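What follows is the content of my_file-v5.txt, which has compact mmCIF, C-alpha atoms and all ligand atoms:
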```
# COMPACT_ATOMS: atom_id res chain seq x y z
CA MET A 1 0.00 0.00 0.00
CA GLU A 2 1.22 3.49 -0.90
CA GLY A 3 0.71 6.42 1.43
CA PRO A 4 -0.74 6.70 4.92
CA ALA A 5 -3.12 4.10 6.38
CA ILE A 6 -5.77 6.71 7.22
CA VAL A 7 -6.35 10.07 5.55
CA PHE A 8 -8.92 12.76 6.39
CA ASP A 9 -8.88 15.46 3.75
CA ASP A 10 -10.92 18.61 4.44
CA VAL A 11 -13.76 16.67 6.08
CA HIS A 12 -16.93 18.59 6.88
CA LYS A 13 -19.85 17.20 8.86
CA SER A 14 -22.87 18.94 10.36
CA PHE A 15 -25.96 17.63 12.12
CA GLY A 16 -28.69 20.11 11.28
CA ARG A 17 -27.15 23.50 12.00
CA GLN A 18 -24.49 22.11 14.32
CA VAL A 19 -21.07 22.02 12.65
CA VAL A 20 -19.12 19.10 14.15
CA LEU A 21 -16.23 18.62 11.69
CA ASP A 22 -15.11 21.83 10.02
CA GLY A 23 -12.57 21.00 7.33
CA LEU A 24 -10.63 18.46 9.39
CA SER A 25 -7.46 17.15 7.74
CA PHE A 26 -4.90 14.70 9.12
CA SER A 27 -3.29 11.40 8.28
CA VAL A 28 -1.96 8.42 10.19
CA GLU A 29 0.96 6.47 8.75
CA GLU A 30 0.88 2.69 8.91
CA HIS A 31 2.13 1.30 12.28
CA ARG A 32 1.65 4.67 13.97
CA SER A 33 -0.80 5.74 16.65
CA LEU A 34 -2.66 9.01 16.89
CA VAL A 35 -4.39 10.02 20.13
CA ILE A 36 -7.24 12.53 19.96
CA MET A 37 -8.29 14.40 23.08
CA GLY A 38 -10.81 17.19 23.48
CA PRO A 39 -13.89 18.38 25.34
CA SER A 40 -16.90 16.16 25.74
CA GLY A 41 -19.34 16.63 22.87
CA ALA A 42 -16.72 18.12 20.54
CA GLY A 43 -17.05 15.34 17.95
CA LYS A 44 -14.28 12.83 18.70
CA SER A 45 -16.53 9.79 18.34
CA VAL A 46 -17.88 11.34 15.13
CA ILE A 47 -14.31 11.34 13.76
CA LEU A 48 -13.94 7.62 14.52
CA ARG A 49 -17.32 6.82 12.95
CA HIS A 50 -16.13 8.51 9.74
CA ALA A 51 -12.92 6.47 9.80
CA ILE A 52 -14.89 3.22 9.77
CA GLY A 53 -17.55 4.36 7.31
CA LEU A 54 -20.48 4.47 9.74
CA LEU A 55 -20.86 8.15 8.87
CA ARG A 56 -20.15 9.83 5.55
CA PRO A 57 -18.77 13.36 5.26
CA ASP A 58 -20.93 16.17 3.86
CA ARG A 59 -17.82 17.33 2.03
CA GLY A 60 -14.21 16.17 1.81
CA ARG A 61 -12.63 12.73 1.66
CA VAL A 62 -11.80 9.88 4.04
CA GLU A 63 -9.33 7.24 2.85
CA VAL A 64 -8.45 4.01 4.64
CA LEU A 65 -5.77 1.61 3.36
CA GLY A 66 -5.91 3.35 0.00
CA GLU A 67 -9.72 3.06 -0.36
CA ASP A 68 -11.84 6.19 -0.68
CA LEU A 69 -14.68 5.64 1.83
CA THR A 70 -16.81 8.28 0.15
CA LYS A 71 -16.90 6.19 -3.04
CA ILE A 72 -16.71 2.63 -1.75
CA ASP A 73 -19.69 0.25 -2.22
CA ASP A 74 -21.14 -2.00 0.52
CA GLU A 75 -19.09 -5.03 -0.51
CA GLY A 76 -15.87 -3.00 -0.50
CA LEU A 77 -16.72 -1.57 2.89
CA ARG A 78 -17.36 -5.05 4.32
CA ALA A 79 -13.98 -6.24 3.04
CA LEU A 80 -12.27 -3.20 4.50
CA ARG A 81 -13.92 -3.69 7.89
CA ARG A 82 -12.18 -7.05 8.21
CA GLU A 83 -8.98 -5.03 8.43
CA MET A 84 -10.41 -2.72 11.09
CA GLY A 85 -11.32 -3.18 14.74
CA TYR A 86 -13.53 -0.72 16.57
CA LEU A 87 -13.81 -0.50 20.33
CA PHE A 88 -17.08 1.36 20.87
CA GLN A 89 -17.33 4.00 23.57
CA TYR A 90 -20.14 2.09 25.29
CA SER A 91 -18.91 -1.43 24.47
CA ALA A 92 -22.04 -2.24 22.39
CA LEU A 93 -22.16 -5.92 23.32
CA ILE A 94 -25.07 -8.07 22.22
CA ASN A 95 -27.13 -8.81 25.33
CA TRP A 96 -28.48 -12.20 24.30
CA LEU A 97 -25.03 -13.61 23.42
CA ASP A 98 -22.53 -14.70 26.07
CA VAL A 99 -18.95 -13.44 26.16
CA PHE A 100 -17.64 -16.22 23.95
CA ASP A 101 -20.27 -15.66 21.25
CA ASN A 102 -19.92 -11.87 21.36
CA VAL A 103 -16.19 -12.15 20.71
CA ALA A 104 -16.62 -14.92 18.11
CA LEU A 105 -19.13 -12.88 16.11
CA PRO A 106 -16.68 -11.02 13.80
CA LEU A 107 -14.97 -14.34 12.98
CA ARG A 108 -18.29 -15.98 12.15
CA GLU A 109 -19.21 -13.02 9.96
CA THR A 110 -15.96 -12.61 8.05
CA THR A 111 -14.21 -16.02 7.99
CA ASP A 112 -15.11 -19.65 7.22
CA TRP A 113 -13.12 -20.97 10.18
CA ASP A 114 -14.37 -24.13 11.91
CA GLU A 115 -15.51 -24.08 15.57
CA GLU A 116 -12.20 -25.45 16.83
CA ARG A 117 -10.19 -22.65 15.26
CA ILE A 118 -12.69 -20.00 16.34
CA ARG A 119 -12.53 -21.32 19.90
CA GLU A 120 -8.75 -21.16 19.96
CA ARG A 121 -8.64 -17.58 18.76
CA VAL A 122 -11.45 -16.40 21.07
CA VAL A 123 -9.77 -17.93 24.13
CA GLU A 124 -6.44 -16.43 23.08
CA VAL A 125 -7.84 -12.94 22.76
CA LEU A 126 -9.85 -13.22 26.00
CA ARG A 127 -6.66 -14.22 27.79
CA LEU A 128 -5.08 -11.02 26.52
CA VAL A 129 -7.74 -8.98 28.34
CA GLN A 130 -7.72 -11.31 31.36
CA LEU A 131 -11.25 -12.60 30.86
CA GLU A 132 -10.74 -16.24 29.93
CA ASP A 133 -12.74 -17.25 33.02
CA ALA A 134 -15.84 -15.31 31.94
CA LEU A 135 -16.55 -17.18 28.67
CA ARG A 136 -20.09 -18.23 29.53
CA LYS A 137 -21.24 -15.05 31.26
CA TYR A 138 -23.75 -12.71 29.65
CA PRO A 139 -23.11 -8.94 29.32
CA SER A 140 -25.67 -8.17 32.07
CA GLU A 141 -23.60 -10.30 34.48
CA LEU A 142 -20.43 -8.28 33.87
CA SER A 143 -19.15 -5.05 35.42
CA GLY A 144 -18.71 -2.03 33.13
CA GLY A 145 -14.97 -2.58 33.05
CA MET A 146 -15.37 -6.23 32.11
CA GLN A 147 -17.77 -5.27 29.30
CA LYS A 148 -15.18 -2.81 28.03
CA ARG A 149 -12.56 -5.56 27.92
CA VAL A 150 -14.92 -7.89 26.06
CA GLY A 151 -15.41 -5.06 23.56
CA LEU A 152 -11.64 -4.83 23.19
CA ALA A 153 -11.34 -8.58 22.65
CA ARG A 154 -14.04 -8.41 19.98
CA ALA A 155 -12.27 -5.51 18.25
CA LEU A 156 -9.02 -7.51 18.13
CA VAL A 157 -10.28 -10.96 17.28
CA THR A 158 -9.88 -10.75 13.48
CA HIS A 159 -6.27 -9.51 13.69
CA PRO A 160 -7.15 -6.14 12.17
CA ARG A 161 -4.40 -3.91 10.74
CA ILE A 162 -6.12 -0.82 12.07
CA ILE A 163 -7.88 -0.34 15.38
CA LEU A 164 -10.01 2.54 16.57
CA TYR A 165 -10.32 2.88 20.33
CA ASP A 166 -13.09 5.08 21.74
CA GLU A 167 -12.28 5.75 25.41
CA PRO A 168 -10.68 2.36 26.06
CA GLU A 169 -9.94 3.20 29.71
CA ALA A 170 -13.29 4.74 30.63
CA GLY A 171 -14.96 3.03 33.57
CA LEU A 172 -11.88 1.01 34.50
CA ASP A 173 -10.06 1.22 37.83
CA PRO A 174 -6.55 2.75 37.65
CA GLU A 175 -4.77 -0.58 37.62
CA MET A 176 -6.95 -2.10 34.89
CA SER A 177 -6.79 1.16 32.94
CA ALA A 178 -2.98 1.08 33.02
CA SER A 179 -3.06 -2.56 31.99
CA ILE A 180 -5.30 -1.82 28.98
CA SER A 181 -2.98 1.02 27.93
CA GLN A 182 -0.03 -1.38 28.14
CA THR A 183 -1.91 -3.94 26.05
CA MET A 184 -2.61 -1.28 23.41
CA ARG A 185 1.03 -0.32 23.35
CA ARG A 186 2.10 -3.95 22.97
CA LEU A 187 -0.29 -4.43 20.05
CA LYS A 188 1.38 -1.54 18.33
CA GLU A 189 4.94 -2.56 19.11
CA GLU A 190 4.62 -6.30 18.56
CA LEU A 191 2.02 -6.47 15.79
CA GLY A 192 2.60 -3.07 14.23
CA MET A 193 -1.05 -2.10 14.48
CA THR A 194 -2.11 1.33 13.28
CA SER A 195 -4.53 3.10 15.59
CA ILE A 196 -6.55 6.15 16.47
CA THR A 197 -7.40 6.46 20.16
CA VAL A 198 -9.91 8.83 21.67
CA THR A 199 -9.37 9.24 25.39
CA HIS A 200 -9.83 11.58 28.34
CA SER A 201 -6.84 10.00 30.07
CA LEU A 202 -3.51 11.75 29.63
CA HIS A 203 -1.81 8.67 31.05
CA CYS A 204 -3.35 6.51 28.32
CA ALA A 205 -2.45 9.13 25.69
CA LEU A 206 1.18 9.20 26.75
CA THR A 207 1.40 5.41 26.93
CA VAL A 208 0.05 4.73 23.44
CA GLY A 209 0.44 7.90 21.35
CA ASP A 210 3.14 8.63 18.79
CA GLU A 211 1.13 11.75 18.08
CA LEU A 212 -1.35 13.75 20.11
CA ALA A 213 -4.06 16.06 18.81
CA LEU A 214 -6.32 18.43 20.70
CA PHE A 215 -9.68 18.62 18.88
CA GLU A 216 -12.08 21.51 19.46
CA HIS A 217 -14.69 23.37 17.41
CA GLY A 218 -14.42 21.09 14.41
CA ASN A 219 -10.68 20.99 14.01
CA PHE A 220 -7.31 20.16 15.57
CA VAL A 221 -6.03 23.17 17.50
CA ALA A 222 -2.71 21.39 18.12
CA HIS A 223 -1.22 18.21 16.66
CA GLY A 224 2.24 16.67 16.95
CA PRO A 225 4.50 14.60 19.19
CA PRO A 226 2.89 14.50 22.66
CA ALA A 227 5.76 16.28 24.41
CA GLU A 228 5.59 19.15 21.91
CA VAL A 229 1.83 19.52 22.15
CA LEU A 230 1.91 19.54 25.94
CA ALA A 231 4.69 22.14 25.95
CA SER A 232 2.81 24.41 23.53
CA ASP A 233 1.80 27.82 24.85
CA HIS A 234 -1.36 27.86 22.70
CA PRO A 235 -4.03 29.25 25.04
CA ARG A 236 -6.49 26.42 24.30
CA VAL A 237 -3.80 23.80 24.98
CA ARG A 238 -2.97 25.52 28.28
CA ALA A 239 -6.64 25.70 29.20
CA PHE A 240 -7.37 22.05 28.34
CA PHE A 241 -4.24 20.34 29.67
CA GLY A 242 -3.13 22.96 32.19
CA PRO A 243 -4.87 21.40 35.19
CA GLN A 244 -3.35 17.99 34.40
CA ILE A 245 0.25 19.02 33.67
CA ALA A 246 0.63 22.13 35.83
N1 LIG B 1 -25.94 10.69 14.50
C1 LIG B 1 -26.00 11.91 15.05
N2 LIG B 1 -27.06 12.73 14.83
C2 LIG B 1 -27.11 13.97 15.35
N3 LIG B 1 -26.16 14.50 16.13
C3 LIG B 1 -25.09 13.74 16.40
C4 LIG B 1 -24.95 12.42 15.88
N4 LIG B 1 -23.77 11.91 16.31
C5 LIG B 1 -23.21 12.86 17.06
N5 LIG B 1 -23.98 13.98 17.11
C6 LIG B 1 -23.66 15.21 17.82
O1 LIG B 1 -22.33 15.58 17.49
C7 LIG B 1 -21.67 16.12 18.62
C8 LIG B 1 -20.39 15.36 18.86
O2 LIG B 1 -20.69 14.06 19.37
P1 LIG B 1 -19.55 13.01 19.76
O3 LIG B 1 -20.25 11.82 20.26
O4 LIG B 1 -18.61 12.82 18.62
O5 LIG B 1 -18.79 13.78 20.95
P2 LIG B 1 -17.47 13.31 21.70
O6 LIG B 1 -16.40 14.32 21.41
O7 LIG B 1 -17.17 11.90 21.37
O8 LIG B 1 -17.90 13.47 23.24
P3 LIG B 1 -17.59 12.51 24.53
O9 LIG B 1 -16.19 12.87 24.98
O10 LIG B 1 -18.62 12.94 25.51
O11 LIG B 1 -17.75 11.11 24.09
C9 LIG B 1 -22.65 16.04 19.78
O12 LIG B 1 -23.24 17.31 19.93
C10 LIG B 1 -23.67 15.03 19.32
O13 LIG B 1 -24.93 15.30 19.85
MG MG B 2 -17.31 10.15 22.35
```

What would the structure in this file look like if it were written as structure tokens?
Ligand SMILES: Nc1ncnc2c1ncn2[C@@H]1O[C@H](COP(=O)(O)OP(=O)(O)OP(=O)(O)O)[C@@H](O)[C@H]1O
Ligand SMILES: [Mg+2]
Amino acid sequence: MEGPAIVFDDVHKSFGRQVVLDGLSFSVEEHRSLVIMGPSGAGKSVILRHAIGLLRPDRGRVEVLGEDLTKIDDEGLRALRREMGYLFQYSALINWLDVFDNVALPLRETTDWDEERIRERVVEVLRLVQLEDALRKYPSELSGGMQKRVGLARALVTHPRIILYDEPEAGLDPEMSASISQTMRRLKEELGMTSITVTHSLHCALTVGDELALFEHGNFVAHGPPAEVLASDHPRVRAFFGPQIA
């Protein structure tokens, strides 16, 4: 593949009269990780939903692994989604399936693997998030943090090349949150995964990010290596991060 893994080129998106993305442009090179932080309600999840083709821009272009998502057909999008994992902000588990079947779902939808092979992979990925003992539990029997980790296992199960994390640490205790950040970092270092992470945790951002962006009012107000962004004297950067890095 030529060029970056993910490209946003002058992306505009409004809901009614509310402008959420206002000419947003950035790219993520393969094997790199971008962390996006910003105020609640700014549109960070909307960015991720554009990257996976759940939303289409009003104007501008989104490209993933060389495919233009604004032009792709349903079949092309399905094929591309095999290469992409998405950890939803609110886990989005299926209530009537147990943990095993929730995590197995993407494999059943996108591969012709037999049950034996599916089982091996599901157990492997549940071990990674320390949930191999919860195979037969249903989402309603899990804590919020456990649901989050099942969501992570499901996002990883197909060995995607790209993963989008929406608040991976939210609702987790500090120890589990640090452990998830370490897992994300390992996935990048050992498997070379490309990622975009949305988070409110500076600790998570610094653990996983090659690049950090502050997103506000439809665009990045700062974007670069984390240390540079945090040292910036841009008034919005000071206002947003100031309390955390004073
Ligand atoms: N499908 C939709 N239809 C209408 N408005 C939407 C839709 N999706 C998002 N919005 C609006 O876009 C804005 C940005 O939402 P988004 O969920 O991306 O915020 P966020 O930055 O992820 O916030 P948080 O940190 O709280 O998760 C919000 O005002 C939201 O109401
Ligand atoms: Mg969000």

Write out as a ChimeraX atom specification each polymer residue (protein, DNA or RNA) that has an atom no more than 8 Å from ligand MG 2 (chain B), with only C-alpha atoms and all ligand atoms counted. /A:40-41,43-46,89,166-167,198

Quick one: which region 132-242 of chain A residues come within 12 Å of region 4-13 of chain A, and what is the nearest atom pair for each with the distance in Å to one decimal, counting only C-alpha atoms, rows ordered by chain and ascending number, as CSV?
```
residue,atom,partner,partner_atom,distance
A:Arg161,CA,A:Ala5,CA,9.2
A:Ile162,CA,A:Ala5,CA,8.1
A:Ile163,CA,A:Ile6,CA,11.0
A:Leu164,CA,A:Ile6,CA,11.1
A:Met193,CA,A:Ala5,CA,10.4
A:Thr194,CA,A:Ala5,CA,7.5
A:Ser195,CA,A:Ile6,CA,9.2
A:Ile196,CA,A:Ile6,CA,9.3
A:His217,CA,A:Lys13,CA,11.7
A:Gly218,CA,A:His12,CA,8.3
A:Asn219,CA,A:Val11,CA,9.5
A:Phe220,CA,A:Asp10,CA,11.8
```

CA of Leu191 (chain A) sits from CA of Val157 (chain A) at a separation of 13.2 Å

A straight line from atom C10 of ligand LIG 1 (chain B) to CA of Lys148 (chain A) spans 21.6 Å

Using all atoms listed in the file, which protein or nucleic acid residues come within 12 Å of Asp58 (chain A)? Drop anything in the same chain fewer than 5 positions from it, and give the result as number ranges by chain. A: 10-16, 19-24, 50, 70

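Of note, CA of Asp233 (chain A) and CA of Leu212 (chain A) are spaced 15.2 Å apart.
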
So that I can see what lies close to Arg117 (chain A), please list as JSON, numbers by chain the residues with an atom at most 12 Å from it, counting only C-alpha atoms and leaving out residues fewer than 6 positions away in the same chain. {"A": [104, 107, 108, 111, 123, 124, 157]}

Could you give me, as a PyMOL selection string, the residues within 10 Å of Leu97 (chain A), counting all atoms listed in the file and dropping anything in the same chain fewer than 6 positions from it? chain A and resi 103+105+136-139

Export C-alpha atoms of the chosen residues as a PDB file, in the frame of the given file?
```pdb
ATOM      1  CA  VAL A 103     -16.190 -12.150  20.710  1.00  0.00           C
ATOM      2  CA  LEU A 105     -19.130 -12.880  16.110  1.00  0.00           C
ATOM      3  CA  ARG A 136     -20.090 -18.230  29.530  1.00  0.00           C
ATOM      4  CA  LYS A 137     -21.240 -15.050  31.260  1.00  0.00           C
ATOM      5  CA  TYR A 138     -23.750 -12.710  29.650  1.00  0.00           C
ATOM      6  CA  PRO A 139     -23.110  -8.940  29.320  1.00  0.00           C
TER       7      PRO A 139
END
```

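In terms of minimum interatomic distance to Lys188 (chain A), A:Leu156 ranks closest within A:Leu77, A:Ala227, A:Leu55, A:Leu156, counting all atoms listed in the file.
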
Could region 99-130 of chain A be completed with N, CA and C atoms and written as a PDB file, in the frame of the given file, please?
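Final output, saved to result04.pdb:
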```pdb
ATOM      1  N   VAL A  99     -20.236 -14.042  26.488  1.00  0.00           N
ATOM      2  CA  VAL A  99     -18.950 -13.440  26.160  1.00  0.00           C
ATOM      3  C   VAL A  99     -18.295 -14.142  24.970  1.00  0.00           C
ATOM      4  N   PHE A 100     -18.273 -15.457  25.031  1.00  0.00           N
ATOM      5  CA  PHE A 100     -17.640 -16.220  23.950  1.00  0.00           C
ATOM      6  C   PHE A 100     -18.272 -15.865  22.592  1.00  0.00           C
ATOM      7  N   ASP A 101     -19.598 -15.890  22.534  1.00  0.00           N
ATOM      8  CA  ASP A 101     -20.270 -15.660  21.250  1.00  0.00           C
ATOM      9  C   ASP A 101     -20.172 -14.205  20.790  1.00  0.00           C
ATOM     10  N   ASN A 102     -20.141 -13.264  21.734  1.00  0.00           N
ATOM     11  CA  ASN A 102     -19.920 -11.870  21.360  1.00  0.00           C
ATOM     12  C   ASN A 102     -18.566 -11.704  20.668  1.00  0.00           C
ATOM     13  N   VAL A 103     -17.538 -12.317  21.253  1.00  0.00           N
ATOM     14  CA  VAL A 103     -16.190 -12.150  20.710  1.00  0.00           C
ATOM     15  C   VAL A 103     -16.020 -12.949  19.415  1.00  0.00           C
ATOM     16  N   ALA A 104     -16.721 -14.082  19.314  1.00  0.00           N
ATOM     17  CA  ALA A 104     -16.620 -14.920  18.110  1.00  0.00           C
ATOM     18  C   ALA A 104     -17.329 -14.309  16.900  1.00  0.00           C
ATOM     19  N   LEU A 105     -18.266 -13.407  17.172  1.00  0.00           N
ATOM     20  CA  LEU A 105     -19.130 -12.880  16.110  1.00  0.00           C
ATOM     21  C   LEU A 105     -18.383 -12.376  14.860  1.00  0.00           C
ATOM     22  N   PRO A 106     -17.373 -11.501  15.014  1.00  0.00           N
ATOM     23  CA  PRO A 106     -16.680 -11.020  13.800  1.00  0.00           C
ATOM     24  C   PRO A 106     -16.028 -12.156  13.018  1.00  0.00           C
ATOM     25  N   LEU A 107     -15.574 -13.211  13.696  1.00  0.00           N
ATOM     26  CA  LEU A 107     -14.970 -14.340  12.980  1.00  0.00           C
ATOM     27  C   LEU A 107     -16.034 -15.097  12.205  1.00  0.00           C
ATOM     28  N   ARG A 108     -17.212 -15.260  12.839  1.00  0.00           N
ATOM     29  CA  ARG A 108     -18.290 -15.980  12.150  1.00  0.00           C
ATOM     30  C   ARG A 108     -18.795 -15.182  10.955  1.00  0.00           C
ATOM     31  N   GLU A 109     -18.713 -13.855  11.061  1.00  0.00           N
ATOM     32  CA  GLU A 109     -19.210 -13.020   9.960  1.00  0.00           C
ATOM     33  C   GLU A 109     -18.221 -12.896   8.813  1.00  0.00           C
ATOM     34  N   THR A 110     -16.928 -12.940   9.110  1.00  0.00           N
ATOM     35  CA  THR A 110     -15.960 -12.610   8.050  1.00  0.00           C
ATOM     36  C   THR A 110     -15.002 -13.739   7.690  1.00  0.00           C
ATOM     37  N   THR A 111     -15.103 -14.905   8.357  1.00  0.00           N
ATOM     38  CA  THR A 111     -14.210 -16.020   7.990  1.00  0.00           C
ATOM     39  C   THR A 111     -15.051 -17.286   7.817  1.00  0.00           C
ATOM     40  N   ASP A 112     -14.420 -18.353   7.264  1.00  0.00           N
ATOM     41  CA  ASP A 112     -15.110 -19.650   7.220  1.00  0.00           C
ATOM     42  C   ASP A 112     -14.426 -20.644   8.143  1.00  0.00           C
ATOM     43  N   TRP A 113     -13.811 -20.121   9.223  1.00  0.00           N
ATOM     44  CA  TRP A 113     -13.120 -20.970  10.180  1.00  0.00           C
ATOM     45  C   TRP A 113     -14.075 -21.974  10.827  1.00  0.00           C
ATOM     46  N   ASP A 114     -13.549 -23.165  11.172  1.00  0.00           N
ATOM     47  CA  ASP A 114     -14.370 -24.130  11.910  1.00  0.00           C
ATOM     48  C   ASP A 114     -14.393 -23.762  13.402  1.00  0.00           C
ATOM     49  N   GLU A 115     -15.299 -24.431  14.159  1.00  0.00           N
ATOM     50  CA  GLU A 115     -15.510 -24.080  15.570  1.00  0.00           C
ATOM     51  C   GLU A 115     -14.241 -24.180  16.407  1.00  0.00           C
ATOM     52  N   GLU A 116     -13.442 -25.208  16.104  1.00  0.00           N
ATOM     53  CA  GLU A 116     -12.200 -25.450  16.830  1.00  0.00           C
ATOM     54  C   GLU A 116     -11.257 -24.232  16.731  1.00  0.00           C
ATOM     55  N   ARG A 117     -11.104 -23.767  15.504  1.00  0.00           N
ATOM     56  CA  ARG A 117     -10.190 -22.650  15.260  1.00  0.00           C
ATOM     57  C   ARG A 117     -10.744 -21.356  15.866  1.00  0.00           C
ATOM     58  N   ILE A 118     -12.051 -21.175  15.753  1.00  0.00           N
ATOM     59  CA  ILE A 118     -12.690 -20.000  16.340  1.00  0.00           C
ATOM     60  C   ILE A 118     -12.472 -20.016  17.853  1.00  0.00           C
ATOM     61  N   ARG A 119     -12.686 -21.201  18.453  1.00  0.00           N
ATOM     62  CA  ARG A 119     -12.530 -21.320  19.900  1.00  0.00           C
ATOM     63  C   ARG A 119     -11.121 -20.952  20.353  1.00  0.00           C
ATOM     64  N   GLU A 120     -10.142 -21.450  19.623  1.00  0.00           N
ATOM     65  CA  GLU A 120      -8.750 -21.160  19.960  1.00  0.00           C
ATOM     66  C   GLU A 120      -8.470 -19.665  19.960  1.00  0.00           C
ATOM     67  N   ARG A 121      -8.921 -19.018  18.897  1.00  0.00           N
ATOM     68  CA  ARG A 121      -8.640 -17.580  18.760  1.00  0.00           C
ATOM     69  C   ARG A 121      -9.398 -16.768  19.822  1.00  0.00           C
ATOM     70  N   VAL A 122     -10.659 -17.144  20.089  1.00  0.00           N
ATOM     71  CA  VAL A 122     -11.450 -16.400  21.070  1.00  0.00           C
ATOM     72  C   VAL A 122     -10.820 -16.522  22.459  1.00  0.00           C
ATOM     73  N   VAL A 123     -10.390 -17.728  22.816  1.00  0.00           N
ATOM     74  CA  VAL A 123      -9.770 -17.930  24.130  1.00  0.00           C
ATOM     75  C   VAL A 123      -8.460 -17.135  24.219  1.00  0.00           C
ATOM     76  N   GLU A 124      -7.714 -17.154  23.118  1.00  0.00           N
ATOM     77  CA  GLU A 124      -6.440 -16.430  23.080  1.00  0.00           C
ATOM     78  C   GLU A 124      -6.644 -14.935  23.332  1.00  0.00           C
ATOM     79  N   VAL A 125      -7.631 -14.378  22.669  1.00  0.00           N
ATOM     80  CA  VAL A 125      -7.840 -12.940  22.760  1.00  0.00           C
ATOM     81  C   VAL A 125      -8.488 -12.564  24.100  1.00  0.00           C
ATOM     82  N   LEU A 126      -9.284 -13.483  24.671  1.00  0.00           N
ATOM     83  CA  LEU A 126      -9.850 -13.220  26.000  1.00  0.00           C
ATOM     84  C   LEU A 126      -8.776 -13.301  27.087  1.00  0.00           C
ATOM     85  N   ARG A 127      -7.782 -14.136  26.852  1.00  0.00           N
ATOM     86  CA  ARG A 127      -6.660 -14.220  27.790  1.00  0.00           C
ATOM     87  C   ARG A 127      -5.914 -12.886  27.823  1.00  0.00           C
ATOM     88  N   LEU A 128      -5.774 -12.308  26.655  1.00  0.00           N
ATOM     89  CA  LEU A 128      -5.080 -11.020  26.520  1.00  0.00           C
ATOM     90  C   LEU A 128      -5.726  -9.937  27.378  1.00  0.00           C
ATOM     91  N   VAL A 129      -7.050  -9.989  27.524  1.00  0.00           N
ATOM     92  CA  VAL A 129      -7.740  -8.980  28.340  1.00  0.00           C
ATOM     93  C   VAL A 129      -8.144  -9.560  29.704  1.00  0.00           C
ATOM     94  N   GLN A 130      -7.545 -10.681  30.053  1.00  0.00           N
ATOM     95  CA  GLN A 130      -7.720 -11.310  31.360  1.00  0.00           C
ATOM     96  C   GLN A 130      -9.175 -11.665  31.665  1.00  0.00           C
TER      97      GLN A 130
END
```
